[in-house]
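To start, the structure itself, in structure tokens.
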Amino acid sequence: MNRRRFIGMLGAGMAGYTLIGRTEGAPPRILLGICSGLDMAEKLKAAGFDFIEGGVAALLKPDASDAEFAPVLAQLKACPLPIRSCNGFIPARFRLTGPEAAHDAPLAYAVKACRRADAAGIPYIVLGSGGARKVPAGFDLAQGQTQFIAFCQKLGERIADGQVTIVLEPLNKGETNLLNSVAEGVAYVDAIHQPRIQLLADFYHMMKEGEGPDSIRQAGARLRHCHIAELEGRKAPGTKGEDLSRFFKALVGIGYAGGVSCECGWPKDVAAGWKTALATMRKQAGR
């Protein structure tokens, strides 16, 4: 990736992208989920959530053999609530950027996770992995960006025949120094140019970086998944009464019919927190 071209893409507009998820004559339906283990799926279904989001290491077990994964796969398929996504993709032991970057091992790990997501019917994997992608101090940031893009391009090529889609997660600067906004994410997705590599918007990280809902509108059809938490303390929706409806309005405006996962802290009375969070999100999403 030419540095000048990439920087230019960061400032480019989003003309030509179509909306997703909109049925003619009907408003899009945003799905509301929660980051959780399988053990909570039955209770979360009863509470009214649409899906759960698990962890790659816990659910897809890329470090385990196929024989070890087989009973886990049966559990995933039997989960009473759809598993729509998994996060915690690339462990920090892998280096995607910097002088010690080596892509073969993390690619093998990632491809195995993707194949297992396909087998389990999990449509999205979140590529946050701030530690793995962080550009080391003293290393050229633009070169690190090029390395990360190259990794994602190779991953996209290797999973092109599959079903799972990788969504890049912009993280605030306190967590990593590469890809810190949804607006930047648009340029990364376009530079990577692989159909299986798309974008995520996390309302918490957006607010931490002072990024508003216009970036969601800019992202358009590239946006395939979202995370939510209130800014203060990264708590569950409804904890402090923060109004996040502007983000939901932007999602509705682009015809988004994907998921929004609670990735946040919960009160001691977790069941009450679930109820409050779900009611808050439904109200703010206009459901």
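Ordered as shown in the structure tokens, chains take letters A, B, and onward, while each chain numbers its residues from 1 and ligands are numbered from 1 in the order shown.
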Residues within 10 Å of Lys283 in chain A, only C-alpha atoms, excluding chain neighbours under 6 positions, as a PDB file with N, CA and C atoms, in the first residue's frame:
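Below is the file out-v2.pdb, written as the result:
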ATOM      1  N   SER A 245     -28.927   7.265  21.512  1.00  0.00           N
ATOM      2  CA  SER A 245     -29.867   7.128  20.401  1.00  0.00           C
ATOM      3  C   SER A 245     -29.322   7.707  19.100  1.00  0.00           C
ATOM      4  N   PHE A 248     -27.793   4.898  17.206  1.00  0.00           N
ATOM      5  CA  PHE A 248     -28.825   4.032  16.646  1.00  0.00           C
ATOM      6  C   PHE A 248     -29.522   4.704  15.457  1.00  0.00           C
ATOM      7  N   ALA A 277     -30.644  -2.847  30.454  1.00  0.00           N
ATOM      8  CA  ALA A 277     -29.892  -2.630  29.223  1.00  0.00           C
ATOM      9  C   ALA A 277     -30.748  -2.906  27.991  1.00  0.00           C
TER      10      ALA A 277
END
Any chance you could tabulate, as a tab-separated table, the residues of range 111-154 of chain A at most 9 Å from range 193-213 of chain A with each one's nearest atom pair and distance in Å to one decimal, using only C-alpha atoms, in chain and rising number order?
residue	atom	partner	partner_atom	distance
A:Val126	CA	A:Leu200	CA	7.6
A:Leu127	CA	A:Leu200	CA	8.9
A:Cys152	CA	A:Ile197	CA	7.3
A:Gln153	CA	A:Gln194	CA	6.5
Inset, instruction - Point out the residue among A:Ile254, A:Val270, A:Ala119, A:Leu178 with the least atom-to-atom distance to Ala74 in chain A, counting only C-alpha atoms. - result: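 Among the listed residues, the smallest separation from Ala74 in chain A belongs to A:Ala119.
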Inset, instruction - Enter the distance from CA of Asp190 in chain A to CA of Arg84 in chain A, in Å, rounded to one decimal. - result: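 That distance, rounded to one decimal, is 24.0 Å.
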Inset, instruction - Take CA of Ala120 in chain A and CA of Trp266 in chain A and report the distance between them in Å, one decimal. - result: 28.1 Å
Legend entry - Shell of 7 Å around Gly258 in chain A, only C-alpha atoms, local chain residues under 3 positions omitted, as JSON, numbers by chain: {"A": [30, 31, 224, 225]}
Legend entry - For Ile52 in chain A: contacts at 7 Å, only C-alpha atoms, fewer than 6 positions along chain excluded, given as a list in words: Gly33, Ile34, Cys35, Ser36, Leu81, Pro82, Ile83 and Arg84 of chain A
Those residues with N, CA and C atoms, as a CSV table (one decimal), in the first residue's frame please?
chain,number,residue,atom,x,y,z
A,33,GLY,N,-27.7,-7.9,21.3
A,33,GLY,CA,-27.0,-9.1,21.9
A,33,GLY,C,-26.2,-8.7,23.1
A,34,ILE,N,-25.4,-9.7,23.5
A,34,ILE,CA,-24.6,-9.5,24.7
A,34,ILE,C,-23.3,-10.4,24.6
A,35,CYS,N,-22.2,-9.9,25.0
A,35,CYS,CA,-21.0,-10.7,25.1
A,35,CYS,C,-21.1,-11.6,26.3
A,36,SER,N,-21.1,-12.9,26.1
A,36,SER,CA,-21.3,-13.9,27.2
A,36,SER,C,-20.9,-15.3,26.8
A,81,LEU,N,-29.4,-19.9,22.0
A,81,LEU,CA,-29.4,-18.6,21.5
A,81,LEU,C,-28.4,-18.5,20.4
A,82,PRO,N,-28.7,-17.9,19.2
A,82,PRO,CA,-27.7,-17.8,18.2
A,82,PRO,C,-26.4,-17.1,18.6
A,83,ILE,N,-25.3,-17.7,18.2
A,83,ILE,CA,-24.0,-17.1,18.4
A,83,ILE,C,-23.7,-16.3,17.2
A,84,ARG,N,-23.8,-15.0,17.2
A,84,ARG,CA,-23.6,-14.2,16.0
A,84,ARG,C,-22.2,-13.8,15.8
Inset, instruction - Apply DSSP to the backbone of this structure and, from range 11-255 of chain A, keep only the residues in alpha helix (DSSP H); write these as a ChimeraX atom specification. - result: /A:41-47,66-77,104-120,130-133,141-158,182-192,203-208,214-219,245-253
For Ala285 in chain A: contacts at 10 Å, only C-alpha atoms, fewer than 6 positions along chain excluded, given as an mmCIF file with C-alpha atoms, in the first residue's frame:
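The resulting file, part_13.cif, is shown below:
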data_model
loop_
_atom_site.group_PDB
_atom_site.id
_atom_site.type_symbol
_atom_site.label_atom_id
_atom_site.label_comp_id
_atom_site.auth_asym_id
_atom_site.auth_seq_id
_atom_site.Cartn_x
_atom_site.Cartn_y
_atom_site.Cartn_z
ATOM 1 C CA ARG A 29 -34.418 -4.389 12.521
ATOM 2 C CA ILE A 30 -31.331 -4.020 14.657
ATOM 3 C CA LEU A 31 -30.465 -7.150 16.633
ATOM 4 C CA LEU A 32 -29.529 -6.719 20.285
ATOM 5 C CA LEU A 244 -26.889 6.777 22.712
ATOM 6 C CA SER A 245 -29.867 7.128 20.401
ATOM 7 C CA ARG A 246 -27.841 9.255 17.973
ATOM 8 C CA PHE A 247 -25.750 6.206 17.111
ATOM 9 C CA PHE A 248 -28.825 4.032 16.646
ATOM 10 C CA LYS A 249 -30.383 6.719 14.460
ATOM 11 C CA ALA A 250 -27.320 6.645 12.241
ATOM 12 C CA LEU A 251 -27.566 2.858 11.995
ATOM 13 C CA VAL A 252 -31.208 3.069 10.976
ATOM 14 C CA ALA A 279 -35.125 -1.917 27.598
#
Inset, instruction - Please identify which residues in range 25-251 of chain A DSSP calls strand (DSSP E) from the backbone, and express them as a ChimeraX atom specification. - result: /A:31-35,51-55,83-87,124-127,165-168,197-202,223-228
Serialized selection, C-alpha atoms, as an mmCIF file, in the first residue's frame:
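result_35.cif was written with the following content:
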data_model
loop_
_atom_site.group_PDB
_atom_site.id
_atom_site.type_symbol
_atom_site.label_atom_id
_atom_site.label_comp_id
_atom_site.auth_asym_id
_atom_site.auth_seq_id
_atom_site.Cartn_x
_atom_site.Cartn_y
_atom_site.Cartn_z
ATOM 1 C CA LEU A 31 -30.465 -7.150 16.633
ATOM 2 C CA LEU A 32 -29.529 -6.719 20.285
ATOM 3 C CA GLY A 33 -27.044 -9.077 21.893
ATOM 4 C CA ILE A 34 -24.567 -9.488 24.689
ATOM 5 C CA CYS A 35 -20.999 -10.726 25.119
ATOM 6 C CA PHE A 51 -27.908 -13.355 20.205
ATOM 7 C CA ILE A 52 -24.705 -13.812 22.164
ATOM 8 C CA GLU A 53 -21.122 -12.916 21.286
ATOM 9 C CA GLY A 54 -18.467 -15.272 22.554
ATOM 10 C CA GLY A 55 -14.682 -15.418 22.546
ATOM 11 C CA ILE A 83 -23.976 -17.115 18.424
ATOM 12 C CA ARG A 84 -23.642 -14.232 16.021
ATOM 13 C CA SER A 85 -20.046 -13.239 16.652
ATOM 14 C CA CYS A 86 -16.803 -13.952 18.478
ATOM 15 C CA ASN A 87 -14.188 -11.480 19.702
ATOM 16 C CA TYR A 124 -18.739 -12.732 12.329
ATOM 17 C CA ILE A 125 -15.366 -12.593 14.040
ATOM 18 C CA VAL A 126 -14.205 -9.304 15.563
ATOM 19 C CA LEU A 127 -10.605 -8.304 14.878
ATOM 20 C CA THR A 165 -16.788 -12.161 7.836
ATOM 21 C CA ILE A 166 -14.012 -10.472 9.806
ATOM 22 C CA VAL A 167 -14.956 -7.056 11.187
ATOM 23 C CA LEU A 168 -12.130 -4.651 12.036
ATOM 24 C CA ILE A 197 -12.959 -8.098 5.704
ATOM 25 C CA GLN A 198 -15.414 -5.407 6.820
ATOM 26 C CA LEU A 199 -15.937 -3.002 9.748
ATOM 27 C CA LEU A 200 -17.278 -2.698 13.294
ATOM 28 C CA ALA A 201 -18.378 0.408 15.214
ATOM 29 C CA ASP A 202 -18.009 0.423 18.986
ATOM 30 C CA LEU A 223 -20.436 -1.726 8.762
ATOM 31 C CA ARG A 224 -21.452 -5.266 9.753
ATOM 32 C CA HIS A 225 -21.382 -5.353 13.552
ATOM 33 C CA CYS A 226 -21.440 -3.012 16.567
ATOM 34 C CA HIS A 227 -20.538 -2.918 20.260
ATOM 35 C CA ILE A 228 -22.162 -0.728 22.885
#
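Shortest atom-to-atom contact with Arg287 in chain A among A:Leu96, A:Ala257, A:Ile90, A:Ala57: A:Ala257, counting only C-alpha atoms.
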Inset, instruction - Return the single residue from A:Pro80, A:Gly130, A:Pro91, A:Pro267 that is closest to Lys61 in chain A, with distances computed using only C-alpha atoms. - result: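 Among the listed residues, A:Pro91 lies closest to Lys61 in chain A.
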Inset, instruction - Skip Asp243 in chain A itself and residues of its chain fewer than 6 positions away, then list as number ranges by chain all residues within 9 Å of it, counting only C-alpha atoms. - result: A: 230, 237, 280, 284
Would you save the residues from that selection as an mmCIF file, in the first residue's frame, using C-alpha atoms?
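What ended up in result10.cif:
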data_model
loop_
_atom_site.group_PDB
_atom_site.id
_atom_site.type_symbol
_atom_site.label_atom_id
_atom_site.label_comp_id
_atom_site.auth_asym_id
_atom_site.auth_seq_id
_atom_site.Cartn_x
_atom_site.Cartn_y
_atom_site.Cartn_z
ATOM 1 C CA GLU A 230 -21.861 3.881 28.119
ATOM 2 C CA PRO A 237 -26.670 0.765 28.675
ATOM 3 C CA THR A 280 -32.739 1.014 27.127
ATOM 4 C CA GLN A 284 -32.963 4.136 21.845
#
Legend entry - Selected residue, from A:Ala187, A:Ala117, A:Ala47, A:Ala92, that lies nearest to Phe69 in chain A when counting only C-alpha atoms: A:Ala117
Inset, instruction - Excluding Thr97 in chain A and residues on its chain fewer than 3 positions from it, collect all residues at most 8 Å away from it, counting only C-alpha atoms, and give them as JSON, numbers by chain. - result: {"A": [100, 101, 132, 133, 134, 135, 136, 144, 145, 147, 148]}
Legend entry - One-decimal distance in Å that lies between CA of Glu242 in chain A and CA of Ser181 in chain A: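 Answer for the CA of Ser181 in chain A to CA of Glu242 in chain A separation: 20.7 Å.
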